file query-v5.pdb (PDB, C-alpha atoms, pLDDT in the B column)
ATOM      1  CA  PRO A   1      -3.389  -7.716  23.648  1.00 86.00           C
ATOM      2  CA  THR A   2      -3.071  -3.953  23.086  1.00 93.00           C
ATOM      3  CA  VAL A   3       0.723  -4.098  22.877  1.00 97.00           C
ATOM      4  CA  LEU A   4       0.583  -7.034  20.459  1.00 97.00           C
ATOM      5  CA  PHE A   5      -1.966  -5.212  18.301  1.00 97.00           C
ATOM      6  CA  ALA A   6       0.303  -2.152  18.231  1.00 97.00           C
ATOM      7  CA  LEU A   7       3.248  -4.387  17.312  1.00 97.00           C
ATOM      8  CA  GLY A   8       1.251  -5.887  14.452  1.00 97.00           C
ATOM      9  CA  HIS A   9       0.307  -2.413  13.261  1.00 97.00           C
ATOM     10  CA  THR A  10       3.906  -1.183  13.474  1.00 98.00           C
ATOM     11  CA  ARG A  11       5.270  -4.188  11.598  1.00 98.00           C
ATOM     12  CA  ALA A  12       2.607  -3.711   8.917  1.00 97.00           C
ATOM     13  CA  ALA A  13       3.649  -0.072   8.511  1.00 97.00           C
ATOM     14  CA  LEU A  14       7.217  -1.333   8.014  1.00 98.00           C
ATOM     15  CA  LYS A  15       5.919  -3.958   5.555  1.00 97.00           C
ATOM     16  CA  ARG A  16       7.226  -6.770   7.762  1.00 98.00           C
ATOM     17  CA  TRP A  17       4.176  -8.845   6.907  1.00 98.00           C
ATOM     18  CA  SER A  18       5.091 -12.154   8.573  1.00 97.00           C
ATOM     19  CA  GLY A  19       5.887 -10.478  11.872  1.00 98.00           C
ATOM     20  CA  SER A  20       2.773  -8.371  11.576  1.00 98.00           C
ATOM     21  CA  ALA A  21       0.568 -11.426  11.037  1.00 98.00           C
ATOM     22  CA  GLU A  22       2.162 -13.221  14.002  1.00 98.00           C
ATOM     23  CA  ALA A  23       1.591 -10.250  16.308  1.00 98.00           C
ATOM     24  CA  TYR A  24      -2.028  -9.808  15.219  1.00 98.00           C
ATOM     25  CA  VAL A  25      -2.775 -13.523  15.672  1.00 98.00           C
ATOM     26  CA  ALA A  26      -1.230 -13.449  19.153  1.00 98.00           C
ATOM     27  CA  ALA A  27      -3.270 -10.356  19.989  1.00 98.00           C
ATOM     28  CA  ALA A  28      -6.478 -12.048  18.802  1.00 97.00           C
ATOM     29  CA  ALA A  29      -5.772 -15.096  20.947  1.00 97.00           C
ATOM     30  CA  SER A  30      -5.667 -13.028  24.119  1.00 96.00           C
ATOM     31  CA  GLU A  31      -8.205 -10.294  23.290  1.00 96.00           C
ATOM     32  CA  PRO A  32     -11.487 -10.613  25.264  1.00 96.00           C
ATOM     33  CA  ASN A  33     -13.347  -7.817  23.427  1.00 95.00           C
ATOM     34  CA  PRO A  34     -15.055  -9.177  20.262  1.00 96.00           C
ATOM     35  CA  HIS A  35     -14.683  -5.943  18.271  1.00 95.00           C
ATOM     36  CA  GLN A  36     -10.985  -5.652  19.115  1.00 96.00           C
ATOM     37  CA  ARG A  37     -10.468  -9.365  18.390  1.00 97.00           C
ATOM     38  CA  ALA A  38     -12.137  -8.841  14.996  1.00 97.00           C
ATOM     39  CA  ARG A  39      -9.736  -5.961  14.315  1.00 97.00           C
ATOM     40  CA  CYS A  40      -6.841  -8.288  15.191  1.00 98.00           C
ATOM     41  CA  PHE A  41      -8.090 -10.946  12.767  1.00 98.00           C
ATOM     42  CA  THR A  42      -8.549  -8.332  10.053  1.00 98.00           C
ATOM     43  CA  GLY A  43      -5.015  -7.057  10.595  1.00 98.00           C
ATOM     44  CA  ALA A  44      -3.694 -10.618  10.377  1.00 98.00           C
ATOM     45  CA  GLY A  45      -5.717 -11.220   7.221  1.00 98.00           C
ATOM     46  CA  ILE A  46      -4.299  -8.144   5.547  1.00 97.00           C
ATOM     47  CA  ALA A  47      -0.767  -9.040   6.626  1.00 98.00           C
ATOM     48  CA  TYR A  48      -1.073 -12.591   5.312  1.00 98.00           C
ATOM     49  CA  ALA A  49      -2.517 -11.290   2.035  1.00 96.00           C
ATOM     50  CA  ASN A  50       0.702  -9.353   1.494  1.00 96.00           C
ATOM     51  CA  ILE A  51       2.943 -12.416   1.932  1.00 96.00           C
ATOM     52  CA  PRO A  52       3.677 -14.215  -1.351  1.00 95.00           C
ATOM     53  CA  GLY A  53       2.195 -17.666  -1.810  1.00 94.00           C
ATOM     54  CA  ASP A  54      -1.079 -19.528  -1.857  1.00 93.00           C
ATOM     55  CA  LEU A  55      -0.847 -20.632   1.782  1.00 95.00           C
ATOM     56  CA  ALA A  56      -0.576 -17.004   2.896  1.00 96.00           C
ATOM     57  CA  LEU A  57      -3.661 -16.093   0.844  1.00 96.00           C
ATOM     58  CA  THR A  58      -5.533 -18.987   2.440  1.00 96.00           C
ATOM     59  CA  LEU A  59      -4.494 -17.838   5.911  1.00 97.00           C
ATOM     60  CA  GLY A  60      -5.482 -14.284   5.003  1.00 97.00           C
ATOM     61  CA  ALA A  61      -8.951 -15.399   3.944  1.00 97.00           C
ATOM     62  CA  GLU A  62      -9.366 -17.539   7.078  1.00 98.00           C
ATOM     63  CA  ASN A  63      -8.484 -14.637   9.370  1.00 98.00           C
ATOM     64  CA  LEU A  64     -10.818 -12.251   7.543  1.00 98.00           C
ATOM     65  CA  LYS A  65     -13.640 -14.797   7.790  1.00 98.00           C
ATOM     66  CA  ALA A  66     -12.894 -15.150  11.506  1.00 98.00           C
ATOM     67  CA  ALA A  67     -13.189 -11.385  11.896  1.00 97.00           C
ATOM     68  CA  LEU A  68     -16.569 -11.382  10.174  1.00 97.00           C
ATOM     69  CA  SER A  69     -17.815 -14.318  12.255  1.00 97.00           C
ATOM     70  CA  LEU A  70     -17.549 -12.401  15.536  1.00 96.00           C
ATOM     71  CA  GLY A  71     -20.803 -10.525  14.990  1.00 90.00           C
ATOM     72  CA  VAL A  72     -19.383  -7.012  15.109  1.00 92.00           C
ATOM     73  CA  GLU A  73     -22.160  -4.567  14.190  1.00 93.00           C
ATOM     74  CA  ASP A  74     -19.937  -1.754  12.870  1.00 95.00           C
ATOM     75  CA  VAL A  75     -21.080  -1.437   9.243  1.00 96.00           C
ATOM     76  CA  GLU A  76     -17.927   0.337   8.079  1.00 96.00           C
ATOM     77  CA  PHE A  77     -15.788  -2.425   9.609  1.00 96.00           C
ATOM     78  CA  ILE A  78     -17.938  -5.128   8.011  1.00 97.00           C
ATOM     79  CA  VAL A  79     -17.807  -3.519   4.567  1.00 97.00           C
ATOM     80  CA  ASN A  80     -14.052  -2.910   4.678  1.00 97.00           C
ATOM     81  CA  THR A  81     -13.372  -6.445   5.876  1.00 97.00           C
ATOM     82  CA  MET A  82     -15.646  -7.930   3.227  1.00 97.00           C
ATOM     83  CA  LEU A  83     -13.983  -5.884   0.481  1.00 97.00           C
ATOM     84  CA  THR A  84     -10.602  -7.067   1.701  1.00 97.00           C
ATOM     85  CA  LEU A  85     -11.795 -10.685   1.768  1.00 97.00           C
ATOM     86  CA  ALA A  86     -13.106 -10.325  -1.787  1.00 97.00           C
ATOM     87  CA  ALA A  87      -9.741  -8.909  -2.846  1.00 96.00           C
ATOM     88  CA  VAL A  88      -7.920 -11.844  -1.251  1.00 97.00           C
ATOM     89  CA  HIS A  89     -10.157 -14.309  -3.111  1.00 96.00           C
ATOM     90  CA  LYS A  90      -9.540 -12.416  -6.346  1.00 95.00           C
ATOM     91  CA  SER A  91      -5.769 -12.453  -5.748  1.00 94.00           C
ATOM     92  CA  ALA A  92      -6.000 -16.210  -5.240  1.00 94.00           C
ATOM     93  CA  GLY A  93      -7.764 -16.480  -8.604  1.00 93.00           C
ATOM     94  CA  ASP A  94     -11.136 -17.422  -7.115  1.00 95.00           C
ATOM     95  CA  LEU A  95     -13.376 -14.877  -8.821  1.00 95.00           C
ATOM     96  CA  GLU A  96     -16.537 -16.763  -7.869  1.00 95.00           C
ATOM     97  CA  ALA A  97     -15.711 -16.570  -4.154  1.00 97.00           C
ATOM     98  CA  ALA A  98     -14.885 -12.873  -4.554  1.00 96.00           C
ATOM     99  CA  MET A  99     -18.259 -12.334  -6.221  1.00 97.00           C
ATOM    100  CA  GLU A 100     -20.098 -14.171  -3.423  1.00 97.00           C
ATOM    101  CA  VAL A 101     -18.506 -11.946  -0.773  1.00 97.00           C
ATOM    102  CA  LEU A 102     -19.269  -8.793  -2.761  1.00 97.00           C
ATOM    103  CA  GLN A 103     -22.896  -9.828  -3.211  1.00 97.00           C
ATOM    104  CA  ARG A 104     -23.230 -10.267   0.577  1.00 96.00           C
ATOM    105  CA  CYS A 105     -21.559  -6.886   1.036  1.00 96.00           C
ATOM    106  CA  VAL A 106     -24.294  -5.125  -0.976  1.00 96.00           C
ATOM    107  CA  GLU A 107     -26.618  -5.650   2.001  1.00 95.00           C
ATOM    108  CA  PHE A 108     -24.453  -3.211   3.963  1.00 96.00           C
ATOM    109  CA  ALA A 109     -23.263  -0.941   1.126  1.00 96.00           C
ATOM    110  CA  PRO A 110     -25.406  -0.862  -2.031  1.00 95.00           C
ATOM    111  CA  GLU A 111     -22.749   1.152  -3.888  1.00 95.00           C
ATOM    112  CA  VAL A 112     -20.602  -1.999  -3.967  1.00 96.00           C
ATOM    113  CA  ARG A 113     -22.742  -3.269  -6.838  1.00 94.00           C
ATOM    114  CA  GLU A 114     -21.683  -0.520  -9.242  1.00 94.00           C
ATOM    115  CA  ARG A 115     -18.136  -0.014  -7.946  1.00 94.00           C
ATOM    116  CA  PHE A 116     -17.055  -3.641  -7.622  1.00 95.00           C
ATOM    117  CA  ILE A 117     -19.630  -6.242  -8.678  1.00 95.00           C
ATOM    118  CA  GLU A 118     -20.319  -4.903 -12.166  1.00 94.00           C
ATOM    119  CA  PRO A 119     -16.619  -4.613 -13.122  1.00 93.00           C
ATOM    120  CA  LEU A 120     -15.877  -8.057 -11.637  1.00 94.00           C
ATOM    121  CA  GLN A 121     -18.816  -9.557 -13.534  1.00 94.00           C
ATOM    122  CA  LYS A 122     -17.494  -8.046 -16.772  1.00 93.00           C
ATOM    123  CA  GLU A 123     -14.059  -9.469 -15.990  1.00 91.00           C
ATOM    124  CA  MET A 124     -15.568 -12.897 -15.338  1.00 92.00           C
ATOM    125  CA  ASP A 125     -17.617 -12.722 -18.550  1.00 92.00           C
ATOM    126  CA  ASN A 126     -14.572 -11.685 -20.575  1.00 89.00           C
ATOM    127  CA  LYS A 127     -12.482 -14.427 -19.011  1.00 86.00           C
ATOM    128  CA  ALA A 128     -15.178 -16.984 -19.821  1.00 86.00           C
ATOM    129  CA  ALA A 129     -15.253 -15.693 -23.404  1.00 84.00           C
ATOM    130  CA  GLY A 130     -11.460 -15.934 -23.610  1.00 79.00           C
ATOM    131  CA  LYS A 131     -10.901 -12.183 -23.831  1.00 67.00           C
ATOM    132  CA  GLY A 132      -8.772 -11.791 -20.697  1.00 59.00           C
ATOM    133  CA  GLU A 133      -9.145  -9.093 -18.046  1.00 53.00           C
ATOM    134  CA  ILE A 134     -10.781  -5.721 -18.519  1.00 47.00           C
ATOM    135  CA  THR A 135      -9.271  -2.479 -17.360  1.00 45.00           C
ATOM    136  CA  THR A 136     -12.314  -0.258 -16.904  1.00 42.00           C
ATOM    137  CA  GLY A 137     -14.091   0.309 -13.597  1.00 44.00           C
ATOM    138  CA  GLU A 138     -12.738   0.168 -10.091  1.00 49.00           C
ATOM    139  CA  THR A 139     -10.929  -3.027  -9.157  1.00 50.00           C
ATOM    140  CA  ILE A 140     -10.422  -4.676  -5.815  1.00 56.00           C
ATOM    141  CA  THR A 141      -6.940  -5.599  -4.670  1.00 54.00           C
ATOM    142  CA  ALA A 142      -5.491  -7.156  -1.554  1.00 53.00           C
ATOM    143  CA  GLY A 143      -2.580  -4.763  -1.383  1.00 49.00           C
ATOM    144  CA  ARG A 144      -0.210  -6.850  -3.507  1.00 43.00           C
ATOM    145  CA  LYS A 145       2.062  -4.999  -5.876  1.00 37.00           C
TER     146      LYS A 145
END
call {"tool": "encode", "arguments": {"input": "query-v5.pdb", "output": "structure tokens"}}
result
Amino acid sequence: PTVLFALGHTRAALKRWSGSAEAYVAAAASEPNPHQRARCFTGAGIAYANIPGDLALTLGAENLKAALSLGVEDVEFIVNTMLTLAAVHKSAGDLEAAMEVLQRCVEFAPEVRERFIEPLQKEMDNKAAGKGEITTGETITAGRK
């Protein structure tokens, strides 16, 4: 599993997202350590999020959810994975799902409310009012350019 994880990491650094996702998924399948397996799923989720298309975003979200489901108690890991999952939902156009993840994230990192929830709420309010997106505040992204 360690070699596959390293391969996934290397391919991600080279922006070979499909190969990266494949390596991370293979690493997760054979990794016995829950924390390392969660890292594999997170890597796969990030890689998928960088592949164009709705299916890739769905696979990205599924892998990130799998990482969070393993019960890892590392708060920094949980927060980073949740922020990434919220960004994937936002990239997919599902602002409500992004908001749900961010609201759960506040339990681990209260600063998420001001940095991410408030700007996203303003964006959602403006969208509902037909005003489009706002540009103030910090935004979450899934790495797409």
call {"tool": "residues_around", "arguments": {"input": "query-v5.pdb", "residues": "A:Trp17", "least_positions_apart": "4", "cutoff": "10 Å", "atoms": "all atoms listed in the file", "output": "ChimeraX atom specification"}}
result
/A:8-9,11-13,21-23,44,46-52
call {"tool": "resolve_selection", "arguments": {"input": "query-v5.pdb", "expression": "the PyMOL selection byres ((chain A and resi 72-83) around 9)", "output": "PyMOL selection string"}}
result
chain A and resi 34-35+38-39+42+64-65+67-71+84-88+98+101-102+104-106+108-109+112+116+140-142
call {"tool": "write_last_selection", "arguments": {"input": "query-v5.pdb", "atoms": "C-alpha atoms", "output": "mmCIF file, keeping the file's coordinate frame"}}
result
data_model
loop_
_atom_site.group_PDB
_atom_site.id
_atom_site.type_symbol
_atom_site.label_atom_id
_atom_site.label_comp_id
_atom_site.auth_asym_id
_atom_site.auth_seq_id
_atom_site.Cartn_x
_atom_site.Cartn_y
_atom_site.Cartn_z
ATOM 1 C CA PRO A 34 -15.055 -9.177 20.262
ATOM 2 C CA HIS A 35 -14.683 -5.943 18.271
ATOM 3 C CA ALA A 38 -12.137 -8.841 14.996
ATOM 4 C CA ARG A 39 -9.736 -5.961 14.315
ATOM 5 C CA THR A 42 -8.549 -8.332 10.053
ATOM 6 C CA LEU A 64 -10.818 -12.251 7.543
ATOM 7 C CA LYS A 65 -13.640 -14.797 7.790
ATOM 8 C CA ALA A 67 -13.189 -11.385 11.896
ATOM 9 C CA LEU A 68 -16.569 -11.382 10.174
ATOM 10 C CA SER A 69 -17.815 -14.318 12.255
ATOM 11 C CA LEU A 70 -17.549 -12.401 15.536
ATOM 12 C CA GLY A 71 -20.803 -10.525 14.990
ATOM 13 C CA THR A 84 -10.602 -7.067 1.701
ATOM 14 C CA LEU A 85 -11.795 -10.685 1.768
ATOM 15 C CA ALA A 86 -13.106 -10.325 -1.787
ATOM 16 C CA ALA A 87 -9.741 -8.909 -2.846
ATOM 17 C CA VAL A 88 -7.920 -11.844 -1.251
ATOM 18 C CA ALA A 98 -14.885 -12.873 -4.554
ATOM 19 C CA VAL A 101 -18.506 -11.946 -0.773
ATOM 20 C CA LEU A 102 -19.269 -8.793 -2.761
ATOM 21 C CA ARG A 104 -23.230 -10.267 0.577
ATOM 22 C CA CYS A 105 -21.559 -6.886 1.036
ATOM 23 C CA VAL A 106 -24.294 -5.125 -0.976
ATOM 24 C CA PHE A 108 -24.453 -3.211 3.963
ATOM 25 C CA ALA A 109 -23.263 -0.941 1.126
ATOM 26 C CA VAL A 112 -20.602 -1.999 -3.967
ATOM 27 C CA PHE A 116 -17.055 -3.641 -7.622
ATOM 28 C CA ILE A 140 -10.422 -4.676 -5.815
ATOM 29 C CA THR A 141 -6.940 -5.599 -4.670
ATOM 30 C CA ALA A 142 -5.491 -7.156 -1.554
#
call {"tool": "closest_residue", "arguments": {"input": "query-v5.pdb", "among": "A:Leu14, A:Leu59, A:Met124, A:Ile117", "to": "A:Asp94", "atoms": "all atoms listed in the file"}}
result
A:Met124
call {"tool": "atom_distance", "arguments": {"input": "query-v5.pdb", "atom1": "atom CA of A:Ala27", "atom2": "atom CA of A:Ala92"}}
result
26.0 Å
call {"tool": "closest_residue", "arguments": {"input": "query-v5.pdb", "among": "A:Leu95, A:Ala6, A:Cys40, A:Ala26", "to": "A:Glu123", "atoms": "all atoms listed in the file"}}
result
A:Leu95
call {"tool": "atom_distance", "arguments": {"input": "query-v5.pdb", "atom1": "atom CA of A:Ala28", "atom2": "atom CA of A:Ala56"}}
result
17.7 Å
call {"tool": "atom_distance", "arguments": {"input": "query-v5.pdb", "atom1": "atom CA of A:Ser91", "atom2": "atom CA of A:Leu57"}}
result
7.8 Å
call {"tool": "axis_aligned_box", "arguments": {"input": "query-v5.pdb", "around": "stretch 10-23 of chain A", "padding_each_side": "4 Å", "output": "JSON"}}
result
{"center_x": 3.9, "center_y": -6.6, "center_z": 10.9, "size_x": 14.7, "size_y": 21.1, "size_z": 18.8}
